[in-house]
Each structure stands twice: as C-alpha cells, then as structure tokens.
Amino acid sequence: MENILDIIESIAHEKGLSSENVKEAVKAAFIQTAKRLVNPEFAYDAEIDPETKSIRVYQTITVVEDDDERLEGEEAAAYVGLTRAKAEVDPDVEVGDEFQIEHDIESHGRTAAATLFREIEFHIQRMVENELYNKYKEKIGTIVSGRVTRVDGKQNTYIDMEEVKAVLPMKSRIKGEHFKVGDVVNAVVRRVNIDKINGISIELSRTSPKFLEELLRLEVPEINDKLVIVEKCARIPGERAKIALLSTHPQVDPVGATVGVKGVRINAVSDELLGENIDCVEYTSVPELFIARAMSPAIISSVTIEGDPEDEESEAKAIVTLPSDQKSKAIGKSGINIRLASMLTGYAIELVEQGGSTTTAEEGMPAEEKKEDLSSLEALFGE
C-alpha cells in the first residue's frame, strides 16, 4: 500500500505506458480486489495520496431508515440506520445520503495479496493489449515485417514482430512460396482483433492488392510523395497484376516513374511477389479509354459501355471490338488478361471480333476456373 506511486512509475516505464493510465489501472485493481474479498455488490473507491505515495480504499455506505430490511440481509455492511448515522457520522445526515469509510485490504492477509497481484497483472495486461491494438489498427493496410517462428500443419505461418505475434494464413500466401523458421517475411496488416480470451491477434496478407500498392510506395519515390497515385489495383497473386496510375504533376509520367529505368523499380517489386508480372496503365476517368488501356497488350478497335458499375441493380458491361489477331493477347494465358482487366475496371468485358465471334471474360478462363465469376475473384483477392 506504501510507495504505490513508485511502483506505478516502474510499471509504466517497463511496459511503455503512460503513468496516468497505469494509475487508473492500479486503482481499478484495488477496487476489484475489495469486491472479491468482501462482496461484489458493494461500492468501493480508491484514492492515491501524492504526498505519502500510498493508496487508500473506501467503501460507500448508504443511510437508510432504522427499520429497513437491508440492515439485516447479506449486504447489511453497505448500509447504516439513520439513528446510528446521526450519532456517529453527522447529525444532519438524511435517508439516502452516502458517505465513505476506509477499508483495510491488508487485514485480509495473504489472500488479499494474491488477489491483488492477479488483478494488477490482469489490468496491466489488458492495457498493454489495448495499446498494441490501437497501434496496429492504425497500421492496417501497411507493410510490416517479422521472423517466422512456426509453420503449422495447415501451412499457416506464425510470425514474431517483437511486440506481438501475427499469423499469415495459407490463403493469404502467394501460391508456390514456402517459409521456414527463421525466414524474414514482409506482409501487409489485413485484420486486427482483440478479445478477453485470446488477447490481440493480427492477420497478415501477401495476396491483397494493398500489399502490391504498399510495395510500390516503398520502391517508387513519386508514389510515396503522392506525385503519382495508384488509383486502382487488381492482381492474381504470383501470376500477374494490373495497376492504374494517375499523375498529379504535369511533368511526371506515372507509368515511366513507376517502371523505372530499364524496369528496375517494377522488377524489384515483382521479385518480392515471386516473379508476379505487373502491368502499369495510365488511369483516366473516361471508361472507354480506361478499358482500352486495361486490355493491354492487346490493341483494340472500339469500346461500347452498357450499364453503370455503381448501379447494383444492373450489370456494367463493356463490349470490346478488336481484330481477330489481337484476341489471344486480349484473353491472355488461361484468360488472365481479360479477367484482370475486368477486375481493374469494374466492367464485365465481352470481346467481339471484327466480323467474327464473341468471347466473355468468363469464357476466357480455363475449364476448371469457369465456376469462379468476377465477384468470387474480388472476394478472394480484394479487401
């Protein structure tokens, strides 16, 4: 009970917490200890004397009529009769008034010490977790790094980030990559949760489009300085991605700045993504032109828009007309180019050969993937 302020300062310094918050946590621990030792229904308060550096616990007593039945029950210690209160406390006291009496927790002996220790430990731990939760909640969508400590039977990768441990689920790992204990892994924070049983839990991702965006921001100074903005991003992790770039400065070429001299910048990002090919296109608010650019490397003849991607009641479709010799480029290997273009633009793309047949994004998929439509792809690879 003595030198409690010195103890609070020590805890705050060791855990990296504010002294004021630790002080409130310690007071809450003393109050909860008193309730556990006496009666959880009783009202208690705690005060710290800055001069003596000691803490005192007070119980709140309520004045009731002399014949009140609560004076005879299990909670009788929380009440006092009016006559006794006038004689012992204040002659002007009235029914319903409350006053406080000091409660000596030390009188409960070792039980009190053990209970108090558990309560302080619990409250400080909750505070540390809340601090970490708030810290990492602000990091959602940003890159963090850590060292692999374990890979379980389901290929979920557990990563130590010094302050906390995080998990990189198998579904959020790029296809074909494997990690072993001791590897340093970069990933984007996807989700942060906290609960009373498991504490804080952090989920990472390397398949999210946000991971690609953050890698570009770290590699390309123009993106970091907001001279170039990544307007949209779509990727099939480990295979291919498309990004739409917009320049905010008239003298900055968004695609050239992002690719870098001889592709050095974009190749550095691709290497982190297990060789994922990254197509860079310049963004425009004109949907026909944007779709035409998104279909690169195919050269198309025209684009006709049907519907609005912001209208949930109707399908937004783009009919793309192109020469027959450009069809294979537009579809891409296993339909990957047309699928990414659809994901990037938000339009269901339908290819029409000049004087020939029609192909949709779904038809461009390999047979085993035709069951997955645009929405399922976005649910799997999007945020």
# chains A, B, ... in the order shown; residues from 1 in each chain; ligands from 1
$ residues_around --residues "Asp279 in chain A" --least-positions-apart "5" --cutoff "9 Å" --atoms "only C-alpha atoms" --output "list in words"
Arg240, Ala241, Lys242, Ile243, Ala244, Ala294, Ser296 and Pro297 of chain A
$ residues_around --residues "range 186-199 of chain A" --least-positions-apart "3" --cutoff "10 Å" --atoms "only C-alpha atoms" --output "JSON, numbers by chain"
{"A": [125, 126, 129, 130, 132, 133, 134, 135, 136, 137, 138, 139, 140, 141, 142, 143, 144, 145, 146, 147, 159, 166, 167, 168, 172, 173, 183, 202, 203, 204, 205, 206, 207, 208, 209, 210, 211, 212, 213, 214, 215, 272, 383]}
$ closest_residue --among "A:Thr149, A:Asn39, A:Gln59, A:Asn156" --to "Glu75 in chain A" --atoms "only C-alpha atoms"
A:Asn39
$ residues_around --residues "Leu274 in chain A" --least-positions-apart "4" --cutoff "8 Å" --atoms "only C-alpha atoms" --output "ChimeraX atom specification"
/A:174,177,238,270
$ residues_around --residues "Arg150 in chain A" --least-positions-apart "4" --cutoff "8 Å" --atoms "only C-alpha atoms" --output "PyMOL selection string"
chain A and resi 157-159+180-181
$ select_by_dssp --residues "range 221-368 of chain A" --states "strand (DSSP E or B)" --output "MDAnalysis selection string"
chainID A and resid 228:236 240:247 277:282 302:306 317:322 348:353 358:360
$ closest_residue --among "A:Ala318, A:Thr284, A:Gln32, A:Ile200" --to "Phe122 in chain A" --atoms "only C-alpha atoms"
A:Gln32
$ residues_around --residues "Glu102 in chain A" --least-positions-apart "6" --cutoff "8 Å" --atoms "only C-alpha atoms" --output "PyMOL selection string"
chain A and resi 56-59
$ write_last_selection --atoms "C-alpha atoms" --output "short mmCIF file (atom, residue, chain, number, x, y, z; two decimals), in the first residue's frame"
data_model
loop_
_atom_site.label_atom_id
_atom_site.label_comp_id
_atom_site.auth_asym_id
_atom_site.auth_seq_id
_atom_site.Cartn_x
_atom_site.Cartn_y
_atom_site.Cartn_z
CA ARG A 56 -6.50 4.01 0.31
CA VAL A 57 -9.64 2.05 -0.47
CA TYR A 58 -13.01 3.36 0.67
CA GLN A 59 -16.36 1.65 0.90
#
$ closest_residue --among "A:Asp325, A:Glu121, A:Asp104, A:Glu14" --to "Leu37 in chain A" --atoms "only C-alpha atoms"
A:Asp104
$ select_by_dssp --residues "range 90-213 of chain A" --states "helix (DSSP H, G or I)" --output "MDAnalysis selection string"
chainID A and resid 105:108 110:137 170:172 209:213
$ closest_residue --among "A:Pro237, A:Ala113, A:Lys232, A:Ser201" --to "Lys171 in chain A" --atoms "only C-alpha atoms"
A:Pro237
$ decode --residues "range 132-155 of chain A" --atoms "N, CA, C and O atoms" --output "JSON list (two decimals), in the first residue's frame"
[["chain", "number", "residue", "atom", "x", "y", "z"],
["A", 132, "LEU", "N", -1.43, -1.96, -27.91],
["A", 132, "LEU", "CA", -0.97, -2.62, -29.13],
["A", 132, "LEU", "C", -2.07, -2.68, -30.18],
["A", 132, "LEU", "O", -1.83, -2.51, -31.37],
["A", 133, "TYR", "N", -3.30, -2.93, -29.70],
["A", 133, "TYR", "CA", -4.44, -3.00, -30.63],
["A", 133, "TYR", "C", -4.61, -1.67, -31.36],
["A", 133, "TYR", "O", -4.76, -1.64, -32.59],
["A", 134, "ASN", "N", -4.58, -0.58, -30.61],
["A", 134, "ASN", "CA", -4.74, 0.74, -31.24],
["A", 134, "ASN", "C", -3.58, 1.05, -32.17],
["A", 134, "ASN", "O", -3.76, 1.65, -33.24],
["A", 135, "LYS", "N", -2.38, 0.62, -31.77],
["A", 135, "LYS", "CA", -1.20, 0.88, -32.60],
["A", 135, "LYS", "C", -1.29, 0.14, -33.93],
["A", 135, "LYS", "O", -1.06, 0.72, -35.00],
["A", 136, "TYR", "N", -1.63, -1.16, -33.87],
["A", 136, "TYR", "CA", -1.65, -1.95, -35.10],
["A", 136, "TYR", "C", -2.92, -1.75, -35.90],
["A", 136, "TYR", "O", -2.95, -2.02, -37.10],
["A", 137, "LYS", "N", -3.98, -1.29, -35.26],
["A", 137, "LYS", "CA", -5.18, -0.97, -36.01],
["A", 137, "LYS", "C", -4.91, 0.18, -36.98],
["A", 137, "LYS", "O", -5.44, 0.22, -38.09],
["A", 138, "GLU", "N", -4.06, 1.12, -36.56],
["A", 138, "GLU", "CA", -3.67, 2.22, -37.43],
["A", 138, "GLU", "C", -2.75, 1.75, -38.56],
["A", 138, "GLU", "O", -2.56, 2.46, -39.55],
["A", 139, "LYS", "N", -2.17, 0.54, -38.40],
["A", 139, "LYS", "CA", -1.26, 0.02, -39.43],
["A", 139, "LYS", "C", -1.96, -0.88, -40.43],
["A", 139, "LYS", "O", -1.29, -1.47, -41.30],
["A", 140, "ILE", "N", -3.27, -1.05, -40.31],
["A", 140, "ILE", "CA", -3.99, -1.87, -41.28],
["A", 140, "ILE", "C", -3.77, -1.28, -42.68],
["A", 140, "ILE", "O", -3.97, -0.10, -42.91],
["A", 141, "GLY", "N", -3.35, -2.14, -43.60],
["A", 141, "GLY", "CA", -3.08, -1.68, -44.96],
["A", 141, "GLY", "C", -1.64, -1.25, -45.18],
["A", 141, "GLY", "O", -1.30, -0.81, -46.28],
["A", 142, "THR", "N", -0.79, -1.37, -44.16],
["A", 142, "THR", "CA", 0.63, -1.02, -44.32],
["A", 142, "THR", "C", 1.49, -2.26, -44.13],
["A", 142, "THR", "O", 1.05, -3.26, -43.56],
["A", 143, "ILE", "N", 2.72, -2.18, -44.60],
["A", 143, "ILE", "CA", 3.62, -3.33, -44.57],
["A", 143, "ILE", "C", 4.35, -3.41, -43.23],
["A", 143, "ILE", "O", 4.81, -2.40, -42.70],
["A", 144, "VAL", "N", 4.42, -4.62, -42.70],
["A", 144, "VAL", "CA", 5.22, -4.90, -41.51],
["A", 144, "VAL", "C", 6.10, -6.10, -41.84],
["A", 144, "VAL", "O", 5.88, -6.81, -42.82],
["A", 145, "SER", "N", 7.11, -6.32, -41.02],
["A", 145, "SER", "CA", 8.00, -7.46, -41.24],
["A", 145, "SER", "C", 8.26, -8.16, -39.92],
["A", 145, "SER", "O", 8.16, -7.56, -38.85],
["A", 146, "GLY", "N", 8.58, -9.42, -40.01],
["A", 146, "GLY", "CA", 8.86, -10.21, -38.82],
["A", 146, "GLY", "C", 9.54, -11.51, -39.19],
["A", 146, "GLY", "O", 9.70, -11.84, -40.37],
["A", 147, "ARG", "N", 9.90, -12.27, -38.17],
["A", 147, "ARG", "CA", 10.62, -13.52, -38.38],
["A", 147, "ARG", "C", 9.69, -14.71, -38.11],
["A", 147, "ARG", "O", 8.94, -14.72, -37.13],
["A", 148, "VAL", "N", 9.76, -15.69, -38.97],
["A", 148, "VAL", "CA", 8.90, -16.88, -38.85],
["A", 148, "VAL", "C", 9.33, -17.70, -37.64],
["A", 148, "VAL", "O", 10.51, -18.02, -37.48],
["A", 149, "THR", "N", 8.36, -18.02, -36.80],
["A", 149, "THR", "CA", 8.64, -18.84, -35.62],
["A", 149, "THR", "C", 8.06, -20.25, -35.74],
["A", 149, "THR", "O", 8.54, -21.18, -35.10],
["A", 150, "ARG", "N", 7.03, -20.39, -36.59],
["A", 150, "ARG", "CA", 6.39, -21.71, -36.70],
["A", 150, "ARG", "C", 5.52, -21.77, -37.95],
["A", 150, "ARG", "O", 4.94, -20.76, -38.36],
["A", 151, "VAL", "N", 5.45, -22.93, -38.56],
["A", 151, "VAL", "CA", 4.54, -23.20, -39.67],
["A", 151, "VAL", "C", 3.77, -24.46, -39.29],
["A", 151, "VAL", "O", 4.36, -25.52, -39.10],
["A", 152, "ASP", "N", 2.44, -24.32, -39.14],
["A", 152, "ASP", "CA", 1.66, -25.46, -38.66],
["A", 152, "ASP", "C", 1.30, -26.42, -39.80],
["A", 152, "ASP", "O", 1.68, -26.21, -40.96],
["A", 153, "GLY", "N", 0.57, -27.45, -39.46],
["A", 153, "GLY", "CA", 0.21, -28.48, -40.43],
["A", 153, "GLY", "C", -0.67, -27.98, -41.56],
["A", 153, "GLY", "O", -0.72, -28.60, -42.63],
["A", 154, "LYS", "N", -1.38, -26.90, -41.32],
["A", 154, "LYS", "CA", -2.23, -26.32, -42.36],
["A", 154, "LYS", "C", -1.51, -25.25, -43.17],
["A", 154, "LYS", "O", -2.13, -24.51, -43.93],
["A", 155, "GLN", "N", -0.19, -25.17, -42.96],
["A", 155, "GLN", "CA", 0.67, -24.21, -43.67],
["A", 155, "GLN", "C", 0.37, -22.76, -43.30],
["A", 155, "GLN", "O", 0.66, -21.85, -44.07]]
